[in-house]
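Step one of this worksheet: look at the structure below.
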2 protein chains.
Amino acid sequence: MGAATLADVAARAGVSVATASRALSGSRPVAPDKRRRVLEASRALGYQPNAVASALRASRTRTVGLLLPRYSTLFLSALIEAVSTSLDDHDVALVLRHADPDEAFDTHVRALRARRVDGIVLSAPSIEAGRAAVAGAGDVPVVQVGRFVDPDATDSVGLDEDRATGLLSDHLAAGGARHALAVGLDPATPADRRRLAALRTAGEQARLSLRVAAFDGSDLNGGIRAGERLVAQGFSGHDSIVAANDEVAAGLMAVLRLNAVRVPGDVQVASLLDLTPGARTHAVTTLRHPWPAMGREAVRLLQQPRRPEDDVARRVQLAPALVIAPSTRSPETVSAQEKS
Amino acid sequence: MGAATLADVAARAGVSVATASRALSGSRPVAPDKRRRVLEASRALGYQPNAVASALRASRTRTVGLLLPRYSTLFLSALIEAVSTSLDDHDVALVLRHADPDEAFDTHVRALRARRVDGIVLSAPSIEAGRAAVAGAGDVPVVQVGRFVDPDATDSVGLDEDRATGLLSDHLAAGGARHALAVGLDPATPADRRRLAALRTAGEQARLSLRVAAFDGSDLNGGIRAGERLVAQGFSGHDSIVAANDEVAAGLMAVLRLNAVRVPGDVQVASLLDLTPGARTHAVTTLRHPWPAMGREAVRLLQQPRRPEDDVARRVQLAPALVIAPSTRSPETVSAQEKS
DNA sequence: TTGTAGGCGTTATCAT
DNA sequence: ATGATAACGCCTACAA
């Protein structure tokens, strides 16, 4: 036999189901003694309200879908965790689906609609995939998260990478940098081109010139190769290095250390992208993506849905945080040096 | 107004809801022409069956809960993906919850029970947490997955790490190793202590001695630091290195290469844990955890629930696969060298 | 083969 | 303040 129902609780407490419901939900006043009896009966029977029945009655499941491409990275893992945690606070359940990258997203959207989710958070691997998903969502509210977003179609949460690179440029300049070298960025890809442009723009403000090193990969070995070339050819005036991400920076740092190049003494090193969202300590100054805040914002946008017609899609832009490590000179250090 | 219901479809097709239901589910024969009309009406209205109503009626949600500790690692990320993908094949939805490590798991178990999940997959951060969760689950089937499992309480899926470390020891020994150094493992944590014990046991069989290097972190930088110490202090007879995971190994390899230490010529390097389940090529010999299989097994155990009394808890043990890369000497290479 | 009707568990409405 | 009752949408005995 199944779990206790509201009717069981009501019977045991000697009241009607209506009263029992009101006593438990607090939706209306109930006489104190009856209320007490209901609560007692509920505990005695181990009553668990049936969310399915409640959802049917209310036409609201308190459930949102999260739809992601397969082949997870730490990125997506951090996003899942952020959304999941934010939803817990609202007592909303998360239904997760992974789509094959080449697979049509709308199959999954349909599955989520069948489950009557109250909303969908979507991180598509391309703008087109996102558009298809949005089209299939019908009147279910959708929030797009991540890099590939059609900002006009639905509410969305994105990263303000330009702002972030600005922070980094300013920090390096405040530490005395004048000539920066970008390592591990591939001008052949649109995303990296955009980052370089942002760095350049920010650099102009901060009087920080930028040169782009030849691309040899954006991973550990890429950093090592770049470092070796750099050591062999000399720094030719560069006093700071901006690495594409923490891995490139780690490889670079290893080579520099081996060759007795002092960091940050001879050259400052920073990274544009923190790859270890969970890490407590960092060896390299880096930009950390604000995953928890992104999750919170996505959930907030879903919980406060805009009305479809009379409003424009909302777009939240969050800036990564600058995490300062001893691979760069903080302003304090600079002033201390200037004093000496 | 909401989505089309079965009644709408039936009305449009000029049949009763019962006939419409049967036509769509195929649970009973329906006259061909009526069937066609129902399908037509269904498509015309964009009918999506309401899984909530269906679940209420059937007392079955086609939903399972996945309960994990927060602070995701790639480990958990791979597990999520594996379970999620396996469930899709069964048309079962995944409800995901992240628990704070110190937080009581049973709060989350209650939430899942309220949602009437058909089963729960659990990866607890400790045996105690798992036990509490199992106790709170009542008659909802539970499968425990991962390292901390009470094998008597419920069905479970585990990793045969001892077997795996044995494979690795044998492989290194077959490549000529006699003295191994463990890097990136922290004897202060129970999990790593256990791995070290397993390595030691397996080593005795294979005549491979084991020393444990000082712990400096189990990530990329930890590997780099360990490598630098090793190069500075000399290898003192060690002919092979067992790294805690691929990241540590990558850092190590980078430093070794920079210092012209030949791998596997001077020293073999292997990793205990593949962190990039998707990768096609590996630079380091490693143990790949069978995530997809673990997900499949967990789902299978849930779908074929044992009867509570008259049976014993099932335990599936899966062994990681040894993925051989050029960082170790394969037996073939050894025999070739022995010939020369 | 088809239709009618009851019930899954909850909550809102309408009386009292 | 409380109780009876009607939905929410689907499925399936049971009847025809």
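Chain labels run A, B, ... following the order of the structure tokens; each chain numbers its residues from 1, and ligands are numbered from 1 in the order shown.
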
Based on only C-alpha atoms (C1' of nucleotides), which of the residues in chain C come within 8 Å of chain B? I want them as a compact mmCIF listing (two decimals) with N, CA and C atoms (P, O5', C5', C4', C3', O3' and C1' of nucleotides), in the first residue's frame.
```txt
# COMPACT_ATOMS: atom_id res chain seq x y z
P DT C 1 -11.56 -4.85 -32.75
O5' DT C 1 -11.91 -3.30 -32.70
C5' DT C 1 -12.60 -2.70 -33.76
C4' DT C 1 -13.74 -1.92 -33.17
C3' DT C 1 -13.33 -0.60 -32.52
O3' DT C 1 -13.96 0.44 -33.25
C1' DT C 1 -14.85 -1.82 -31.14
P DT C 2 -13.63 1.94 -32.98
O5' DT C 2 -14.55 2.32 -31.75
C5' DT C 2 -15.94 2.56 -32.00
C4' DT C 2 -16.64 2.75 -30.68
C3' DT C 2 -16.20 3.97 -29.89
O3' DT C 2 -17.17 4.98 -30.07
C1' DT C 2 -16.66 2.06 -28.51
P DG C 3 -16.91 6.44 -29.46
O5' DG C 3 -17.66 6.32 -28.07
C5' DG C 3 -19.03 5.97 -28.06
C4' DG C 3 -19.50 5.78 -26.64
C3' DG C 3 -19.22 6.97 -25.72
O3' DG C 3 -20.41 7.29 -25.03
C1' DG C 3 -18.41 4.97 -24.74
P DC C 8 -8.97 6.92 -5.34
O5' DC C 8 -7.46 7.32 -5.67
C5' DC C 8 -6.59 6.46 -6.40
C4' DC C 8 -5.57 7.32 -7.09
C3' DC C 8 -5.14 8.53 -6.27
O3' DC C 8 -3.97 8.20 -5.53
C1' DC C 8 -5.58 9.10 -8.59
P DG C 9 -3.99 8.34 -3.93
O5' DG C 9 -3.86 9.91 -3.75
C5' DG C 9 -2.61 10.52 -4.00
C4' DG C 9 -2.75 12.01 -3.90
C3' DG C 9 -3.19 12.51 -2.52
O3' DG C 9 -2.26 13.50 -2.14
C1' DG C 9 -4.56 13.43 -4.21
```

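The least-squares superposition of chain B onto chain A, using every Cα atom in order, ends with an RMSD of 1.5 Å.
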
Check: Any idea what's packed within 8 Å of region 235-248 of chain B, counting only C-alpha atoms (C1' of nucleotides), ignoring anything in its chain fewer than 2 positions away? Could you give it as a ChimeraX atom specification?
Finding: /B:172,177-185,218-224,230-231,233,250-252,266-275,284,286

Please produce a file of those selected residues containing C-alpha atoms, as a PDB file, in the first residue's frame.
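Wrote it out as out-v8.pdb, contents follow:
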```pdb
ATOM      1  CA  LEU B 172      54.364  -0.932 -15.028  1.00  0.00           C
ATOM      2  CA  ALA B 177      59.524  -1.032 -13.316  1.00  0.00           C
ATOM      3  CA  ARG B 178      60.783  -2.035  -9.862  1.00  0.00           C
ATOM      4  CA  HIS B 179      60.501   1.116  -7.776  1.00  0.00           C
ATOM      5  CA  ALA B 180      57.444   3.302  -8.079  1.00  0.00           C
ATOM      6  CA  LEU B 181      56.769   6.738  -6.661  1.00  0.00           C
ATOM      7  CA  ALA B 182      53.221   7.872  -5.893  1.00  0.00           C
ATOM      8  CA  VAL B 183      52.576  11.538  -6.609  1.00  0.00           C
ATOM      9  CA  GLY B 184      49.567  13.680  -5.841  1.00  0.00           C
ATOM     10  CA  LEU B 185      48.031  11.300  -3.343  1.00  0.00           C
ATOM     11  CA  SER B 218      46.268  16.794  -6.801  1.00  0.00           C
ATOM     12  CA  ASP B 219      45.953  19.237  -9.662  1.00  0.00           C
ATOM     13  CA  LEU B 220      48.073  20.567 -12.456  1.00  0.00           C
ATOM     14  CA  ASN B 221      50.193  22.763 -10.231  1.00  0.00           C
ATOM     15  CA  GLY B 222      50.632  19.971  -7.735  1.00  0.00           C
ATOM     16  CA  GLY B 223      52.102  17.871 -10.521  1.00  0.00           C
ATOM     17  CA  ILE B 224      54.361  20.688 -11.569  1.00  0.00           C
ATOM     18  CA  LEU B 230      61.832  15.445  -8.117  1.00  0.00           C
ATOM     19  CA  VAL B 231      64.159  16.932 -10.680  1.00  0.00           C
ATOM     20  CA  GLN B 233      66.419  16.014  -5.641  1.00  0.00           C
ATOM     21  CA  ALA B 250      50.331  16.334 -17.176  1.00  0.00           C
ATOM     22  CA  GLY B 251      52.102  18.774 -14.896  1.00  0.00           C
ATOM     23  CA  LEU B 252      54.695  16.183 -14.076  1.00  0.00           C
ATOM     24  CA  ASP B 266      64.222   7.205 -17.927  1.00  0.00           C
ATOM     25  CA  VAL B 267      61.005   6.870 -16.017  1.00  0.00           C
ATOM     26  CA  GLN B 268      57.546   5.531 -16.782  1.00  0.00           C
ATOM     27  CA  VAL B 269      54.565   7.697 -15.887  1.00  0.00           C
ATOM     28  CA  ALA B 270      51.013   6.538 -15.352  1.00  0.00           C
ATOM     29  CA  SER B 271      47.856   8.012 -13.863  1.00  0.00           C
ATOM     30  CA  LEU B 272      45.257   6.447 -11.599  1.00  0.00           C
ATOM     31  CA  LEU B 273      42.340   8.428 -12.898  1.00  0.00           C
ATOM     32  CA  ASP B 274      41.257   9.596 -16.308  1.00  0.00           C
ATOM     33  CA  LEU B 275      39.772  13.047 -15.915  1.00  0.00           C
ATOM     34  CA  VAL B 284      49.641   9.324 -20.304  1.00  0.00           C
ATOM     35  CA  THR B 286      45.731   5.962 -17.302  1.00  0.00           C
TER      36      THR B 286
END
```

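The closest residue to chain A, picked from B:Leu318, B:Ala10, B:Leu94, B:Leu159 and counting only C-alpha atoms, is B:Leu94.
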
Excluding same-chain residues fewer than 5 positions from Val312 (chain A), what lies within 10 Å of it counting only C-alpha atoms (C1' of nucleotides), as a compact mmCIF listing (two decimals) with all heavy atoms, in the first residue's frame?
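selection39.txt, freshly written:
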```
# COMPACT_ATOMS: atom_id res chain seq x y z
N ASP A 152 17.62 38.57 -28.38
CA ASP A 152 16.30 39.15 -28.61
C ASP A 152 15.18 38.15 -28.40
O ASP A 152 14.03 38.53 -28.20
CB ASP A 152 16.22 39.69 -30.05
CG ASP A 152 17.24 40.80 -30.27
OD1 ASP A 152 17.48 41.55 -29.30
OD2 ASP A 152 17.78 40.90 -31.38
N ALA A 153 15.51 36.88 -28.45
CA ALA A 153 14.45 35.87 -28.43
C ALA A 153 13.86 35.69 -27.04
O ALA A 153 12.65 35.61 -26.88
CB ALA A 153 15.01 34.54 -28.93
N THR A 154 14.71 35.61 -26.04
CA THR A 154 14.22 35.37 -24.68
C THR A 154 15.12 36.11 -23.70
O THR A 154 16.16 36.65 -24.07
CB THR A 154 14.28 33.88 -24.30
OG1 THR A 154 15.67 33.51 -24.18
CG2 THR A 154 13.62 33.00 -25.34
N ASP A 155 14.72 36.08 -22.44
CA ASP A 155 15.61 36.58 -21.40
C ASP A 155 16.90 35.77 -21.44
O ASP A 155 16.91 34.61 -21.84
CB ASP A 155 14.96 36.41 -20.03
CG ASP A 155 13.72 37.29 -19.87
OD1 ASP A 155 13.58 38.24 -20.66
OD2 ASP A 155 12.92 37.01 -18.98
N ARG A 306 8.55 37.80 -17.65
CA ARG A 306 8.03 39.01 -18.30
C ARG A 306 6.77 38.63 -19.05
O ARG A 306 6.57 37.49 -19.44
CB ARG A 306 9.06 39.54 -19.27
CG ARG A 306 9.33 38.58 -20.41
CD ARG A 306 10.46 39.07 -21.28
NE ARG A 306 10.75 38.08 -22.30
CZ ARG A 306 10.48 38.25 -23.60
NH1 ARG A 306 9.90 39.35 -24.01
NH2 ARG A 306 10.77 37.32 -24.47
N ARG A 307 5.94 39.61 -19.28
CA ARG A 307 4.77 39.33 -20.12
C ARG A 307 5.24 39.32 -21.57
O ARG A 307 6.06 40.16 -21.97
CB ARG A 307 3.69 40.38 -19.88
CG ARG A 307 2.90 40.11 -18.61
CD ARG A 307 2.13 41.32 -18.19
NE ARG A 307 3.02 42.46 -17.95
CZ ARG A 307 2.60 43.70 -17.81
NH1 ARG A 307 1.31 43.96 -17.90
NH2 ARG A 307 3.46 44.67 -17.58
```

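Interatomic distance, CA of Gly130 (chain B) against CA of Val143 (chain B): 10.3 Å.
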
Next item on the list: Report the distance between CA of Ala20 (chain A) and CA of Ser42 (chain A) in Å, rounded to one decimal place.
Entry: 9.1 Å

Next item on the list: Show me which bits of chain D are within 8 Å of chain B, counting only C-alpha atoms (C1' of nucleotides), as a PyMOL selection string.
Entry: chain D and resi 8-11

Writing out the chosen residues with N, CA and C atoms (P, O5', C5', C4', C3', O3' and C1' of nucleotides) as a PDB file, in the first residue's frame:
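Final output, result.pdb:
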```pdb
ATOM      1  P    DC D   8     -11.340  21.312 -15.344  1.00  0.00           P
ATOM      2  O5'  DC D   8      -9.783  21.059 -15.085  1.00  0.00           O
ATOM      3  C5'  DC D   8      -8.952  21.948 -14.379  1.00  0.00           C
ATOM      4  C4'  DC D   8      -7.682  21.225 -14.017  1.00  0.00           C
ATOM      5  C3'  DC D   8      -7.281  20.166 -15.030  1.00  0.00           C
ATOM      6  O3'  DC D   8      -6.358  20.725 -15.945  1.00  0.00           O
ATOM      7  C1'  DC D   8      -7.048  19.393 -12.743  1.00  0.00           C
ATOM      8  P    DG D   9      -6.639  20.555 -17.510  1.00  0.00           P
ATOM      9  O5'  DG D   9      -6.236  19.042 -17.766  1.00  0.00           O
ATOM     10  C5'  DG D   9      -4.862  18.684 -17.718  1.00  0.00           C
ATOM     11  C4'  DG D   9      -4.748  17.190 -17.851  1.00  0.00           C
ATOM     12  C3'  DG D   9      -5.334  16.608 -19.138  1.00  0.00           C
ATOM     13  O3'  DG D   9      -4.311  15.882 -19.771  1.00  0.00           O
ATOM     14  C1'  DG D   9      -6.077  15.396 -17.244  1.00  0.00           C
ATOM     15  P    DC D  10      -4.495  14.937 -20.973  1.00  0.00           P
ATOM     16  O5'  DC D  10      -4.538  13.532 -20.244  1.00  0.00           O
ATOM     17  C5'  DC D  10      -3.360  13.080 -19.584  1.00  0.00           C
ATOM     18  C4'  DC D  10      -3.673  11.841 -18.802  1.00  0.00           C
ATOM     19  C3'  DC D  10      -4.018  10.638 -19.666  1.00  0.00           C
ATOM     20  O3'  DC D  10      -2.955   9.708 -19.555  1.00  0.00           O
ATOM     21  C1'  DC D  10      -5.514  10.866 -17.808  1.00  0.00           C
ATOM     22  P    DC D  11      -2.892   8.494 -20.533  1.00  0.00           P
ATOM     23  O5'  DC D  11      -3.727   7.395 -19.743  1.00  0.00           O
ATOM     24  C5'  DC D  11      -3.139   6.870 -18.576  1.00  0.00           C
ATOM     25  C4'  DC D  11      -4.135   5.994 -17.876  1.00  0.00           C
ATOM     26  C3'  DC D  11      -4.533   4.747 -18.669  1.00  0.00           C
ATOM     27  O3'  DC D  11      -4.315   3.663 -17.790  1.00  0.00           O
ATOM     28  C1'  DC D  11      -6.446   5.871 -17.855  1.00  0.00           C
TER      29       DC D  11
END
```

Margin query: Based on the backbone DSSP call, show me all residues of region 71-273 of chain A assigned strand (DSSP E), as an MDAnalysis selection string.
Written below: chainID A and resid 93:99 119:122 142:145 155:159 179:183 209:212 240:243 268:271
